[in-house]
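Trainee: Pasting upload.txt here (compact mmCIF, C-alpha atoms):
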# COMPACT_ATOMS: atom_id res chain seq x y z
CA MET D 1 100.06 99.99 71.83
CA ASP D 2 103.41 101.34 73.05
CA ALA D 3 101.64 104.14 74.95
CA LEU D 4 99.36 101.59 76.61
CA LYS D 5 102.34 99.45 77.63
CA GLN D 6 104.04 102.46 79.17
CA GLU D 7 100.81 103.37 80.98
CA LEU D 8 100.49 99.82 82.32
CA LYS D 9 104.02 99.83 83.65
CA GLU D 10 103.46 103.15 85.40
CA ASN D 11 100.14 101.99 86.89
CA ILE D 12 101.55 98.66 88.04
CA ILE D 13 104.48 100.36 89.77
CA GLU D 14 102.20 102.88 91.48
CA GLN D 15 99.32 100.62 92.45
CA LEU D 16 101.42 97.65 93.53
CA ASN D 17 103.89 99.87 95.42
CA LEU D 18 106.95 98.61 93.56
CA GLU D 19 108.96 101.29 95.28
CA ASP D 20 112.41 100.91 93.77
CA MET D 21 111.29 100.17 90.21
CA THR D 22 110.86 102.38 87.14
CA PRO D 23 109.00 101.59 83.89
CA ALA D 24 112.37 101.10 82.22
CA ASP D 25 113.05 98.19 84.60
CA ILE D 26 110.10 96.22 83.21
CA ALA D 27 110.59 94.64 79.78
CA ASP D 28 107.47 94.09 77.71
CA ASP D 29 107.92 90.32 77.85
CA ASP D 30 109.06 90.01 81.50
CA MET D 31 107.07 87.50 83.53
CA LEU D 32 104.99 89.51 86.00
CA PHE D 33 104.61 86.63 88.45
CA GLY D 34 107.01 83.93 89.63
CA ASP D 35 110.63 84.61 88.78
CA GLY D 36 109.87 87.87 86.98
CA LEU D 37 108.59 90.81 89.00
CA GLY D 38 107.67 88.45 91.84
CA LEU D 39 104.08 89.62 92.14
CA ASP D 40 101.81 87.63 94.47
CA SER D 41 98.14 86.66 94.74
CA ILE D 42 97.09 89.98 96.28
CA ASP D 43 98.82 91.77 93.42
CA ALA D 44 96.81 89.63 91.00
CA LEU D 45 93.61 90.84 92.66
CA GLU D 46 94.83 94.44 92.37
CA LEU D 47 95.43 93.92 88.65
CA ILE D 48 91.87 92.59 88.25
CA VAL D 49 90.54 95.74 89.98
CA MET D 50 92.80 97.87 87.76
CA LEU D 51 91.37 96.30 84.58
CA ASP D 52 87.86 97.07 85.78
CA LYS D 53 88.55 100.59 87.05
CA ASN D 54 90.79 101.86 84.24
CA TYR D 55 89.58 99.92 81.21
CA GLY D 56 86.07 98.72 82.04
CA ILE D 57 87.04 95.06 81.79
CA LYS D 58 85.44 92.68 84.29
CA LEU D 59 87.14 89.30 84.57
CA THR D 60 84.47 86.78 85.47
CA ASP D 61 86.82 83.81 85.52
CA PRO D 62 89.92 84.41 87.71
CA LYS D 63 91.70 81.63 85.80
CA GLU D 64 91.76 83.95 82.80
CA GLY D 65 94.19 86.12 84.74
CA ARG D 66 96.95 83.55 84.43
CA THR D 67 97.37 84.17 80.72
CA ILE D 68 96.29 87.81 80.66
CA PHE D 69 98.74 88.84 83.39
CA GLU D 70 101.66 86.84 82.03
CA SER D 71 103.49 89.95 80.82
CA ILE D 72 102.97 93.57 79.77
CA ASN D 73 102.62 92.31 76.18
CA THR D 74 99.76 89.93 77.04
CA MET D 75 98.02 92.53 79.21
CA ALA D 76 98.22 95.21 76.53
CA ALA D 77 96.90 92.83 73.87
CA TYR D 78 93.94 91.76 76.01
CA ILE D 79 93.07 95.33 77.03
CA THR D 80 93.24 96.57 73.43
CA GLU D 81 90.77 93.88 72.39
CA HIS D 82 88.35 94.10 75.30
CA ARG D 83 88.42 97.63 76.75
CA SER D 84 85.17 99.59 77.09
CA LYS D 85 86.75 102.79 78.32
CA MET S 86 105.87 84.45 140.15
CA LYS S 87 107.75 81.22 139.47
CA ASN S 88 110.69 82.67 137.60
CA ASN S 89 112.56 85.86 137.02
CA TYR S 90 112.71 86.87 133.39
CA TYR S 91 114.61 89.74 131.82
CA ILE S 92 113.94 92.57 129.43
CA SER S 93 117.03 92.06 127.29
CA SER S 94 116.35 94.92 124.87
CA TYR S 95 113.68 97.43 123.98
CA CYS S 96 112.91 99.82 121.14
CA HIS S 97 110.82 102.97 121.15
CA ILE S 98 109.75 104.76 117.96
CA LYS S 99 107.89 108.07 118.09
CA ASN S 100 108.29 111.70 116.99
CA ASN S 101 110.65 110.81 114.11
CA THR S 102 113.05 109.22 116.60
CA VAL S 103 114.14 105.63 117.22
CA ARG S 104 115.61 104.64 120.55
CA LEU S 105 117.19 101.26 121.17
CA ASN S 106 117.78 100.47 124.84
CA GLY S 107 117.33 104.14 125.62
CA ASN S 108 119.87 105.40 123.09
CA ILE S 109 118.87 107.34 119.98
CA VAL S 110 119.83 105.23 116.96
CA TYR S 111 117.92 107.14 114.30
CA HIS S 112 116.28 110.54 113.89
CA ASP S 113 115.30 112.63 110.93
CA ASN S 114 113.12 115.62 110.14
CA SER S 115 110.66 113.97 107.79
CA GLU S 116 107.36 115.78 107.57
CA THR S 117 105.26 112.64 107.18
CA PHE S 118 105.28 109.18 108.74
CA SER S 119 105.43 107.69 105.27
CA GLU S 120 108.68 109.50 104.52
CA PHE S 121 110.11 108.81 107.98
CA ILE S 122 109.51 105.07 107.96
CA LYS S 123 110.84 104.72 104.42
CA ASN S 124 114.03 106.56 105.41
CA LEU S 125 114.35 104.38 108.52
CA TYR S 126 113.91 101.18 106.48
CA ARG S 127 116.70 102.26 104.14
CA ALA S 128 118.96 103.49 106.94
CA GLU S 129 118.62 100.12 108.70
CA ASN S 130 119.41 98.33 105.43
CA THR S 131 116.53 95.99 106.15
CA LYS S 132 115.59 93.59 103.36
CA TYR S 133 111.96 92.53 103.09
CA ALA S 134 110.35 92.37 99.65
CA LYS S 135 106.89 93.28 100.89
CA PHE S 136 107.85 96.24 103.07
CA PHE S 137 106.49 98.91 100.74
CA LYS S 138 103.22 97.02 100.32
CA MET S 139 102.46 97.03 104.03
CA ASP S 140 100.12 99.50 105.72
CA ASN S 141 101.40 102.12 108.19
CA LEU S 142 100.74 100.05 111.32
CA SER S 143 102.59 97.04 109.92
CA LYS S 144 105.54 99.16 108.76
CA LEU S 145 105.82 100.68 112.23
CA ALA S 146 105.57 97.32 114.03
CA PHE S 147 107.89 95.66 111.53
CA MET S 148 110.68 98.23 111.95
CA ALA S 149 110.47 98.24 115.76
CA ALA S 150 110.64 94.43 115.80
CA ASP S 151 113.38 94.38 113.18
CA ILE S 152 115.61 96.77 115.13
CA ILE S 153 115.39 94.48 118.19
CA LEU S 154 115.51 91.09 116.47
CA LYS S 155 118.36 91.84 114.08
CA ASN S 156 120.61 92.08 117.14
CA GLU S 157 119.53 88.66 118.40
CA ASN S 158 121.51 86.81 115.71
CA LEU S 159 118.57 84.58 114.92
CA ASN S 160 119.07 81.78 112.44
CA THR S 161 116.32 82.37 109.89
CA ASP S 162 117.07 79.02 108.25
CA THR S 163 115.30 77.38 111.19
CA ASP S 164 112.13 78.11 113.13
CA ASN S 165 112.46 80.58 115.99
CA ASN S 166 110.27 80.25 119.07
CA ILE S 167 109.78 83.89 120.02
CA ALA S 168 106.17 84.70 120.87
CA LEU S 169 104.62 88.03 119.87
CA VAL S 170 102.30 89.85 122.29
CA PHE S 171 101.33 93.24 120.89
CA SER S 172 98.71 95.80 121.81
CA ASN S 173 97.38 99.20 120.81
CA LYS S 174 94.38 101.53 121.00
CA ALA S 175 93.48 102.25 117.39
CA ALA S 176 93.49 98.65 116.12
CA SER S 177 93.71 98.98 112.30
CA LEU S 178 91.60 102.15 112.15
CA ASP S 179 93.99 104.00 109.84
CA THR S 180 93.64 101.33 107.17
CA ASP S 181 89.96 100.75 107.94
CA ARG S 182 89.32 104.38 107.00
CA LYS S 183 91.16 103.99 103.69
CA HIS S 184 89.10 100.93 102.89
CA GLN S 185 85.88 102.70 103.88
CA THR S 186 86.73 105.61 101.58
CA SER S 187 87.17 103.23 98.65
CA ILE S 188 83.69 101.73 99.12
CA GLN S 189 81.84 104.92 100.06
CA ASP S 190 80.63 105.79 96.58
CA LYS S 191 78.55 103.05 94.96
CA GLN S 192 79.22 104.64 91.56
CA ASP S 193 82.97 104.49 92.12
CA TYR S 194 83.23 101.24 94.07
CA TYR S 195 86.75 99.86 93.72
CA PRO S 196 87.95 98.42 97.06
CA SER S 197 91.64 97.64 96.97
CA PRO S 198 92.53 94.05 97.95
CA ALA S 199 95.98 95.26 99.02
CA VAL S 200 94.38 97.71 101.47
CA PHE S 201 91.68 95.31 102.64
CA VAL S 202 94.15 92.63 103.76
CA TYR S 203 95.48 95.04 106.39
CA THR S 204 92.10 95.80 107.98
CA LEU S 205 93.09 93.72 111.01
CA PRO S 206 95.79 94.88 113.44
CA ASN S 207 97.30 91.44 113.93
CA ILE S 208 98.42 91.24 110.29
CA CYS S 209 101.62 93.01 111.37
CA LEU S 210 102.44 89.95 113.51
CA GLY S 211 102.40 87.82 110.39
CA GLU S 212 104.81 90.12 108.57
CA ILE S 213 107.29 89.96 111.45
CA SER S 214 106.86 86.19 111.73
CA ILE S 215 107.57 85.72 108.01
CA LYS S 216 110.72 87.84 108.14
CA TYR S 217 112.16 86.12 111.22
CA LYS S 218 110.62 82.66 110.81
CA LEU S 219 108.73 82.87 114.09
CA PHE S 220 106.52 79.79 114.31
CA SER S 221 105.22 80.78 117.71
CA GLU S 222 102.32 82.04 119.76
CA ASN S 223 101.06 85.48 118.82
CA SER S 224 98.34 87.77 120.13
CA PHE S 225 97.22 91.33 119.54
CA PHE S 226 95.17 93.10 122.23
CA ILE S 227 93.24 96.37 122.07
CA PHE S 228 93.30 98.65 125.14
CA ASP S 229 92.44 102.28 125.86
CA SER S 230 96.04 102.90 126.86
CA PHE S 231 99.34 101.10 127.43
CA ASN S 232 98.55 98.16 129.71
CA ALA S 233 101.77 96.97 131.32
CA ASP S 234 99.90 94.70 133.73
CA HIS S 235 98.31 92.63 131.00
CA LEU S 236 101.45 92.44 128.86
CA PHE S 237 103.49 91.38 131.90
CA ASN S 238 101.09 88.64 132.95
CA TYR S 239 100.56 87.30 129.44
CA SER S 240 104.27 87.20 128.62
CA ASN S 241 105.08 85.50 131.92
CA SER S 242 102.38 82.94 131.31
CA LEU S 243 103.82 82.02 127.90
CA LEU S 244 107.28 81.58 129.40
CA ASP S 245 106.07 79.76 132.53
CA LEU S 246 104.14 77.30 130.39
CA ASN S 247 107.09 76.81 128.02
CA LYS S 248 105.04 78.08 125.10
CA SER S 249 108.02 80.07 123.90
CA GLU S 250 111.70 80.70 124.53
CA ALA S 251 111.27 84.48 124.55
CA VAL S 252 108.48 87.02 124.08
CA LEU S 253 108.52 90.19 121.99
CA SER S 254 105.89 92.31 123.65
CA GLY S 255 104.60 95.88 123.69
CA TRP S 256 102.56 98.63 122.11
CA VAL S 257 102.25 99.58 118.43
CA ASP S 258 99.69 102.27 117.66
CA PHE S 259 98.99 104.23 114.50
CA ASP S 260 96.12 106.61 113.85
CA ASP S 261 96.05 109.52 111.41
CA THR S 262 99.35 111.35 112.05
CA ASN S 263 99.95 109.90 115.52
CA TYR S 264 102.19 106.89 115.93
CA GLU S 265 104.14 105.11 118.62
CA ALA S 266 105.87 101.77 118.90
CA PHE S 267 107.35 100.44 122.13
CA LEU S 268 108.50 96.84 121.93
CA TYR S 269 110.64 94.90 124.36
CA LEU S 270 112.11 91.42 124.32
CA VAL S 271 111.55 89.25 127.38
CA SER S 272 114.13 86.50 127.75
CA ARG S 273 114.65 83.67 130.21
CA SER S 274 118.28 84.56 130.84
CA GLY S 275 121.11 86.73 129.65
CA GLY S 276 120.60 89.58 132.01
CA GLY S 277 119.14 93.00 131.47
CA THR S 278 116.32 94.66 133.35
CA ILE S 279 114.17 92.44 135.54
CA HIS S 280 110.86 91.82 133.81
CA ASP S 281 108.25 93.29 136.13
CA LYS S 282 105.35 95.66 135.74
CA GLN S 283 107.11 98.70 137.19
CA ASN S 284 110.17 98.28 134.97
CA ILE S 285 107.97 97.96 131.88
CA ILE S 286 106.25 101.23 132.77
CA THR S 287 109.58 102.92 133.55
CA LEU S 288 111.08 101.91 130.20
CA TYR S 289 107.91 102.91 128.35
CA ASN S 290 107.95 106.39 129.92
CA ARG S 291 111.68 106.90 129.50
Can you present the structure in this file as structure tokens?
Mentor:
Amino acid sequence: MDALKQELKENIIEQLNLEDMTPADIADDDMLFGDGLGLDSIDALELIVMLDKNYGIKLTDPKEGRTIFESINTMAAYITEHRSK
Amino acid sequence: MKNNYYISSYCHIKNNTVRLNGNIVYHDNSETFSEFIKNLYRAENTKYAKFFKMDNLSKLAFMAADIILKNENLNTDTDNNIALVFSNKAASLDTDRKHQTSIQDKQDYYPSPAVFVYTLPNICLGEISIKYKLFSENSFFIFDSFNADHLFNYSNSLLDLNKSEAVLSGWVDFDDTNYEAFLYLVSRSGGGTIHDKQNIITLYNR
């Protein structure tokens, strides 16, 4: 699980162009949206594509994203349970 | 022409060099545009959370506009009525190609939403408007080459009709490794170069 969390942080930084950030700057329980990392709606769409491309998870209901993308912890838990690749 | 307007300042970015009112204010030896524009952003100490998420055209337009507008002492707590009239040749072709690449292979079909949102050239106008709270007219035209005549007439029309207090106008083009931004601010008063077609061409070619 720790390796997956590290991988998620690295992918999020690279794919969302969080230029001045390193994985160490993101705590596992940091809020990804709102007052946390400050991600926006386009970032949320990028995360949905990332789940599909990297882990074979297709989110059919965008509302699911609200809880899944709450933090690195919630993302890692959902991916571990649902990944197909 | 009903009124005389003035080109109060202008900025030209090309070949790793930034000129403000004809004077070099930044130059480096970056080998790529990506590296150059990132260095420029940091050198200018510009603060805009979404800068690194923007496509190349928007970054280029944003920095040229920023270098001019930061000297205008705008109050970004209130709305600013500066119209934007931009133009180029390549539209958003650089980003269009990236998007096309991501949807080329039906077996590996993962279009990026963050790329797709920049597949229109006028998106850069929105980025500038957000940064400087410009609730004003904006237009983006596509021409084969720099069209001073059209920019002159359109900017004058906006000012004559009191659609805006000033106009930030010019050319912002990005395609492959070629880039150029030439923006100038047309004001009602305050002096500077008289806003006419010949002066626009002269400043562009300087």
Trainee: Please identify every residue of range 161-221 of chain S that has at least one atom no farther than 12 Å from an atom of range 270-282 of chain S, counting all atoms listed in the file, and for each give the shortest atom pair and the distance in Å to one decimal, arranged by chain then increasing number, as a Markdown table.
Mentor:
| residue | atom | partner | partner_atom | distance |
| --- | --- | --- | --- | --- |
| S:Asn166 | CA | S:Ser272 | CA | 11.4 |
| S:Ile167 | CA | S:Leu270 | CA | 9.0 |
| S:Ala168 | CA | S:Val271 | CA | 9.6 |
| S:Leu169 | CA | S:Leu270 | CA | 9.3 |
| S:Val170 | CA | S:Leu270 | CA | 10.1 |
| S:Phe171 | CA | S:Leu270 | CA | 11.5 |
Trainee: Rounded to one decimal, what separation in Å do you get between CA of Asn124 in chain S and CA of Pro196 in chain S?
Mentor: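 Separating CA of Asn124 in chain S from CA of Pro196 in chain S is a distance of 28.6 Å.
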Trainee: Need to verify the contact set: Ala266 in chain S, 7 Å, only C-alpha atoms, exclusion of same-chain residues closer than 6 positions in sequence. Can you return it as a list in words?
Mentor: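 Returned residues: His97, Ile98, Lys99, Leu145, Ala146, Ala149, Trp256, Val257 and Asp258 of chain S.
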Trainee: Please return, as an MDAnalysis selection string, all residues of chain S lying within 9 Å of chain D when only C-alpha atoms are considered.
Mentor: chainID S and resid 137:138 193:199 202
Trainee: So how far away is CA of Glu157 in chain S from CA of Tyr289 in chain S, in Å?
Mentor: 20.9 Å
Trainee: Between CA of Thr262 in chain S and CA of Asn156 in chain S, what is the distance in Å, rounded to a tenth?
Mentor: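 So the two atoms, CA of Thr262 in chain S and CA of Asn156 in chain S, lie 29.1 Å apart.
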Trainee: Can you tell me which residues surround Ile72 in chain D at a distance of at most 8 Å, considering only C-alpha atoms, apart from same-chain residues fewer than 3 positions away, and format the answer as number ranges by chain?
Mentor: D: 5, 8-9, 27-30, 32, 69, 75-76
Trainee: For each of D:Thr80, D:Glu70, D:Lys58, D:Leu4, take the minimum atom-to-atom distance to Gly34 in chain D, counting all atoms listed in the file, then give the residue where this is smallest.
Mentor: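 When distances to Gly34 in chain D are compared using all atoms listed in the file, the smallest one comes from D:Glu70.
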Trainee: So that I can check the surroundings of Gly255 in chain S, please list as a list in words every protein, DNA and RNA residue that reaches within 7 Å of it, counting only C-alpha atoms and ignoring chain neighbours fewer than 3 positions away.
Mentor: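 After dropping sequence-adjacent residues, the list is Val170, Phe171, Ser172, Leu236, Phe267, Leu268 and Tyr269 of chain S.
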Trainee: Place a sphere of radius 9 Å on (100.8, 103.5, 110.3) in the file coordinates and name every protein, DNA or RNA residue with an atom inside or on its surface, counting all atoms listed in the file; give the answer as an MDAnalysis selection string.
Mentor: chainID S and resid 118:119 140:146 177 179:180 258:264
